[in-house]
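First the structure, in the form of structure tokens, and then the observations on it.
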Amino acid sequence: MKIINIYTNSFKGLSQESWMLALVMLINRAGSMVLPFLGVYMTDHLHFSIENTGVVLSFFGIGSVLGSWIGGMITDKIGEYKVQYLSLLLSVPLFCLIPVFKTEVGVAAIILAQSIISETFRPANSVAITKYAKPENITRAFSLNRMAVNLGFSIGPALGGILSAISYEFLFFSNAFAALSAGLIYIWFFAKRNRLAKVKAKKVKEAIVIKKENSPYRDGKFLIYCFLCMLFSICFFQLFSTLTIFYKDTARLSQQNIGYILGYSGFLIVLLEMGFVQIAEKYFSLAVTMLLGTFICGLSYAMLAFDYSMITLVISMTVLCIGEIWTLPFMSTITALRSGKNNKGAYMGLNGISFSVAFIVTPYLGTMLAERFGFNALWIGTGILASLVAVALYFTVPWMLGDKKDRV
């Protein structure tokens with residue numbers, strides 16, 4: 001009963017806006033069923049070579065970097081409301097245009113454009129979370145949003161598999177419909193709230209002298225923090241690249257069993273995230289939470305160097321999920337705490353870039369190390385790097401935040 005109470009209490013106190021932002025994210029991410037099937041679409045339907053397919057897919061990561069930068073910059077200029085609904089609505093025609101392009105250059109160009117537009121949504125959404133969440137609930141609001149992302153990614157690939165079996169064009173159009181639905185729901189709920197928030201902000205600006213705030217790109221402490229976030233992401237993002245190759249080639253799992261383990265991870269995040277975040281908020285400082293979460297993620301990979309029986313694979317994935325819960329939502333909270341009132345978008349965008357760069361680097365780096373030195377060396381190296389990053393974050397976070405720990 002105590003565990004149940006902790007879990008139910010973790011959802012209490014969250015604002016209506018936080019729940020609606022999570023719903024919009026759920027619809028949007030459940031509709032993001034294209035990405036897992038782009039590789040298959042290009043090799044199977046367009047008959048691209050595997051090498052050229054990999055090059056084309058890298059443009060998604062490049063677009064993610066550009067989108068995070070642009071999204072952070074324009075969010076501070078025109079507001080998170082406009083950036084979010086424009087990102088969602090402009091994604092609609094771009095999804096519909098993907099099947100029009102048949103060459104490597106054409107597909108790379110449309111994927112780059114679609115990725116840039118879609119990823120401008122992320123820093124704006126993070127700013128909206130900090131705007132509408134109560135200060136004491138900021139990390140739980142980020143966790144609720146992440147829970148929606150994980151639930152969406154659990155639903156999306158399953159729907160994508162069904163739809164792509166019917167028609168790839170149907171898959172892209174369904175993605176467009178999901179983005180349109182998320183955009184219209186967002187506008188319907190937040191249009192009035194955004195107007196009221198702008199009136200309130202204008203009154204505050206008239207009453208006080210606004211302090212000019214620095215760019216995050218000149219914030220040395222924050223740049224160090226983002227570099228550590230990138231190193232952590234390089235470790236963590238093995239989940240989306242080399243880990244599945246390891247499951248197939250070394251652990252000899254069928255594609256069905258690989259799907260079960262990945263589905264289990266998404267379900268576990270949805271089940272545990274809010275409760276584990278509340279435990280961390282209640283008993284740990286931000287520095288200790290980051291230390292534990294990052295170290296645990298590294299440990300989950302290091303385990304695989306010594307055994308890869310099914311029970312070990314499940315335990316490793318469980319440990320990885322717990323580490324992820326105690327790391328990723330708190331990274332967003334720390335970013336919000338470091339930023340000022342009028343440059344949150346730029347800070348969120350720069351932090352997003354650190355993840356996007358890792359998304360580009362990790363597949364190449366991980367597969368290269370696995371091929372040259374073997375998976376055992378890769379997993380031990382990942383564990384060592386994550387442990388070093390954990391210690392660095394433990395000292396960097398309080399050094400960077402100073403007296404901002406309890407203020408957003």
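By convention in this document, the chains of the structure tokens carry letters A, B, ... by their order, each chain's residues are numbered from 1, and ligands are numbered from 1 in the order they are shown.
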Polymer residues at most 6 Å from Ser87 in chain A, only C-alpha atoms, same-chain spacing of 3 or more positions, as a count of residues only: 6
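Around range 122-134 of chain A, within 6 Å and counting only C-alpha atoms, the residues found are Gly71, Gly72, Thr75, Glu80, Gly345, Met348 and Gly349 of chain A, once anything fewer than 6 positions away on its own chain is removed.
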Take the selection from the previous step and output its residues with all heavy atoms, as a short mmCIF file (atom, residue, chain, number, x, y, z; two decimals), in the first residue's frame.
data_model
loop_
_atom_site.label_atom_id
_atom_site.label_comp_id
_atom_site.auth_asym_id
_atom_site.auth_seq_id
_atom_site.Cartn_x
_atom_site.Cartn_y
_atom_site.Cartn_z
N GLY A 71 15.14 26.24 -32.73
CA GLY A 71 14.00 26.26 -31.83
C GLY A 71 14.28 27.03 -30.56
O GLY A 71 13.44 27.82 -30.10
N GLY A 72 15.47 26.83 -29.99
CA GLY A 72 15.82 27.57 -28.78
C GLY A 72 15.92 29.06 -29.03
O GLY A 72 15.47 29.88 -28.21
N THR A 75 12.33 30.58 -29.87
CA THR A 75 11.42 30.50 -28.72
C THR A 75 11.55 31.74 -27.85
O THR A 75 10.55 32.29 -27.37
CB THR A 75 11.69 29.23 -27.90
OG1 THR A 75 11.35 28.08 -28.67
CG2 THR A 75 10.86 29.22 -26.62
N GLU A 80 7.10 30.31 -26.83
CA GLU A 80 7.02 28.86 -27.01
C GLU A 80 5.70 28.43 -27.66
O GLU A 80 5.63 27.39 -28.33
CB GLU A 80 7.23 28.14 -25.67
CG GLU A 80 6.00 27.87 -24.84
CD GLU A 80 5.35 29.12 -24.26
OE1 GLU A 80 6.03 30.14 -24.10
OE2 GLU A 80 4.14 29.06 -23.94
N GLY A 345 14.60 29.32 -23.64
CA GLY A 345 14.60 28.63 -24.92
C GLY A 345 16.00 28.36 -25.43
O GLY A 345 16.31 27.27 -25.91
N MET A 348 17.56 25.62 -23.27
CA MET A 348 16.99 24.31 -23.60
C MET A 348 17.48 23.85 -24.97
O MET A 348 17.76 22.66 -25.18
CB MET A 348 15.46 24.39 -23.58
CG MET A 348 14.86 24.57 -22.20
SD MET A 348 15.18 23.15 -21.12
CE MET A 348 14.30 23.69 -19.64
N GLY A 349 17.59 24.79 -25.92
CA GLY A 349 18.07 24.44 -27.24
C GLY A 349 19.50 23.94 -27.24
O GLY A 349 19.82 22.94 -27.88
#
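Atom pair CA of Ile279 in chain A / CA of Ser354 in chain A has a distance of 27.2 Å (rounded to one decimal).
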Shell around Arg338 in chain A at 8 Å using only C-alpha atoms, local window under 3 positions removed, as number ranges by chain: A: 222, 334-335, 400-401, 404
Test item, alpha helix (DSSP H) assignment across range 228-386 of chain A, answer as an MDAnalysis selection string: chainID A and resid 228:236 242:249 255:283 286:302 310:325 328:338 344:373 375:386
Writer output for current selection, C-alpha atoms, as a short mmCIF file (atom, residue, chain, number, x, y, z; two decimals), in the first residue's frame:
data_model
loop_
_atom_site.label_atom_id
_atom_site.label_comp_id
_atom_site.auth_asym_id
_atom_site.auth_seq_id
_atom_site.Cartn_x
_atom_site.Cartn_y
_atom_site.Cartn_z
CA LEU A 228 29.02 16.02 -19.86
CA CYS A 229 25.40 15.54 -21.00
CA MET A 230 26.72 14.69 -24.47
CA LEU A 231 29.17 12.13 -23.05
CA PHE A 232 26.37 10.55 -21.02
CA SER A 233 24.16 10.47 -24.13
CA ILE A 234 26.88 8.73 -26.14
CA CYS A 235 26.80 5.98 -23.48
CA PHE A 236 23.01 5.88 -23.19
CA THR A 242 24.75 -1.10 -31.03
CA LEU A 243 22.67 -2.75 -28.30
CA THR A 244 20.15 -4.17 -30.76
CA ILE A 245 23.00 -5.42 -32.98
CA PHE A 246 24.51 -7.09 -29.89
CA TYR A 247 21.15 -8.69 -29.09
CA LYS A 248 20.92 -10.14 -32.59
CA ASP A 249 24.51 -11.13 -33.39
CA GLN A 255 13.69 -9.97 -33.81
CA GLN A 256 10.55 -10.81 -31.88
CA ASN A 257 12.46 -11.18 -28.60
CA ILE A 258 14.38 -7.97 -29.28
CA GLY A 259 11.02 -6.25 -29.73
CA TYR A 260 9.80 -7.72 -26.44
CA ILE A 261 12.81 -6.37 -24.51
CA LEU A 262 12.51 -2.90 -26.04
CA GLY A 263 8.76 -2.90 -25.41
CA TYR A 264 9.43 -3.98 -21.83
CA SER A 265 11.74 -0.98 -21.35
CA GLY A 266 9.07 1.46 -22.55
CA PHE A 267 6.45 -0.15 -20.31
CA LEU A 268 8.81 -0.06 -17.32
CA ILE A 269 9.52 3.66 -17.80
CA VAL A 270 5.80 4.41 -17.92
CA LEU A 271 5.20 2.32 -14.80
CA LEU A 272 8.10 3.53 -12.64
CA GLU A 273 9.14 7.02 -13.72
CA MET A 274 6.83 9.24 -11.66
CA GLY A 275 7.33 7.23 -8.47
CA PHE A 276 11.12 7.02 -8.79
CA VAL A 277 11.38 10.73 -9.56
CA GLN A 278 9.40 11.52 -6.42
CA ILE A 279 11.72 9.29 -4.36
CA ALA A 280 14.77 11.10 -5.77
CA GLU A 281 13.24 14.52 -5.10
CA LYS A 282 12.42 13.55 -1.53
CA TYR A 283 15.64 11.82 -0.49
CA LEU A 286 20.28 16.95 -7.64
CA ALA A 287 24.00 16.12 -7.56
CA VAL A 288 23.44 12.74 -5.89
CA THR A 289 20.57 11.90 -8.25
CA MET A 290 22.76 12.61 -11.29
CA LEU A 291 25.62 10.60 -9.79
CA LEU A 292 23.42 7.56 -9.15
CA GLY A 293 21.49 7.74 -12.42
CA THR A 294 24.54 8.10 -14.65
CA PHE A 295 26.52 5.42 -12.80
CA ILE A 296 23.59 2.98 -12.94
CA CYS A 297 23.25 3.47 -16.71
CA GLY A 298 26.94 2.62 -17.14
CA LEU A 299 26.57 -0.41 -14.87
CA SER A 300 23.70 -1.76 -16.98
CA TYR A 301 25.98 -1.88 -20.05
CA ALA A 302 29.04 -3.19 -18.17
CA MET A 310 18.10 -13.79 -21.16
CA ILE A 311 17.79 -13.14 -17.42
CA THR A 312 20.88 -10.92 -17.49
CA LEU A 313 19.56 -9.03 -20.51
CA VAL A 314 16.29 -8.33 -18.71
CA ILE A 315 18.07 -7.27 -15.50
CA SER A 316 20.41 -5.04 -17.50
CA MET A 317 17.47 -3.35 -19.25
CA THR A 318 15.71 -2.87 -15.91
CA VAL A 319 18.81 -1.24 -14.42
CA LEU A 320 19.18 0.95 -17.52
CA CYS A 321 15.57 2.16 -17.17
CA ILE A 322 16.11 3.13 -13.52
CA GLY A 323 19.30 5.00 -14.43
CA GLU A 324 17.49 6.78 -17.25
CA ILE A 325 14.69 7.84 -14.89
CA LEU A 328 17.19 12.53 -18.16
CA PRO A 329 14.31 14.46 -16.50
CA PHE A 330 16.72 15.99 -13.97
CA MET A 331 19.00 17.17 -16.79
CA SER A 332 16.10 19.29 -18.05
CA THR A 333 15.40 20.59 -14.54
CA ILE A 334 19.04 21.59 -14.06
CA THR A 335 18.99 23.40 -17.41
CA ALA A 336 15.85 25.30 -16.40
CA LEU A 337 17.43 26.26 -13.07
CA ARG A 338 20.59 27.55 -14.75
CA LYS A 344 15.13 29.53 -21.27
CA GLY A 345 14.60 28.63 -24.92
CA ALA A 346 18.25 29.22 -25.79
CA TYR A 347 19.40 27.15 -22.80
CA MET A 348 16.99 24.31 -23.60
CA GLY A 349 18.07 24.44 -27.24
CA LEU A 350 21.77 24.21 -26.41
CA ASN A 351 21.17 21.31 -24.04
CA GLY A 352 19.13 19.64 -26.78
CA ILE A 353 22.03 20.06 -29.18
CA SER A 354 24.26 18.04 -26.83
CA PHE A 355 21.84 15.11 -27.18
CA SER A 356 21.50 15.58 -30.93
CA VAL A 357 25.28 15.52 -31.44
CA ALA A 358 25.45 12.31 -29.43
CA PHE A 359 22.70 10.86 -31.62
CA ILE A 360 24.92 11.47 -34.66
CA VAL A 361 28.17 10.23 -33.08
CA THR A 362 26.98 7.15 -31.18
CA PRO A 363 25.97 4.77 -34.03
CA TYR A 364 29.29 5.22 -35.86
CA LEU A 365 31.49 5.22 -32.74
CA GLY A 366 29.75 2.26 -31.11
CA THR A 367 29.76 0.03 -34.18
CA MET A 368 33.39 0.92 -34.97
CA LEU A 369 34.57 0.03 -31.44
CA ALA A 370 32.52 -3.17 -31.42
CA GLU A 371 33.95 -4.24 -34.77
CA ARG A 372 37.58 -3.48 -33.87
CA PHE A 373 37.71 -4.53 -30.21
CA PHE A 375 31.36 -5.97 -27.72
CA ASN A 376 32.90 -6.84 -24.33
CA ALA A 377 35.40 -3.99 -24.68
CA LEU A 378 32.61 -1.65 -25.81
CA TRP A 379 30.42 -2.44 -22.78
CA ILE A 380 33.27 -2.15 -20.27
CA GLY A 381 34.41 1.09 -21.90
CA THR A 382 30.85 2.44 -21.77
CA GLY A 383 30.64 1.57 -18.07
CA ILE A 384 33.95 3.29 -17.31
CA LEU A 385 33.05 6.44 -19.28
CA ALA A 386 29.61 6.67 -17.61
#
Computed interatomic separation between CA of His45 in chain A and CA of Ile62 in chain A (Å): 23.7 Å
Two-atom distance - CA of Phe173 in chain A, CA of Ile185 in chain A (Å): 18.4 Å
Nearest to Tyr186 in chain A, chosen from A:Ile27, A:Leu388, A:Leu239, A:Ile224, with only C-alpha atoms counted in the distances: A:Ile27
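Each of A:Ala191, A:Leu14, A:Cys226, A:Ile98 was compared to Leu144 in chain A using only C-alpha atoms, and A:Leu14 turns out to be the nearest.
Closest approach to Glu136 in chain A among A:Gly13, A:Pro398, A:Gly152, A:Pro216 is made by A:Gly13 (distances from only C-alpha atoms).
The residue that comes closest to Phe395 in chain A, out of A:Lys341, A:Lys221, A:Ala305, A:Gly61 and on the basis of only C-alpha atoms, is A:Lys221.
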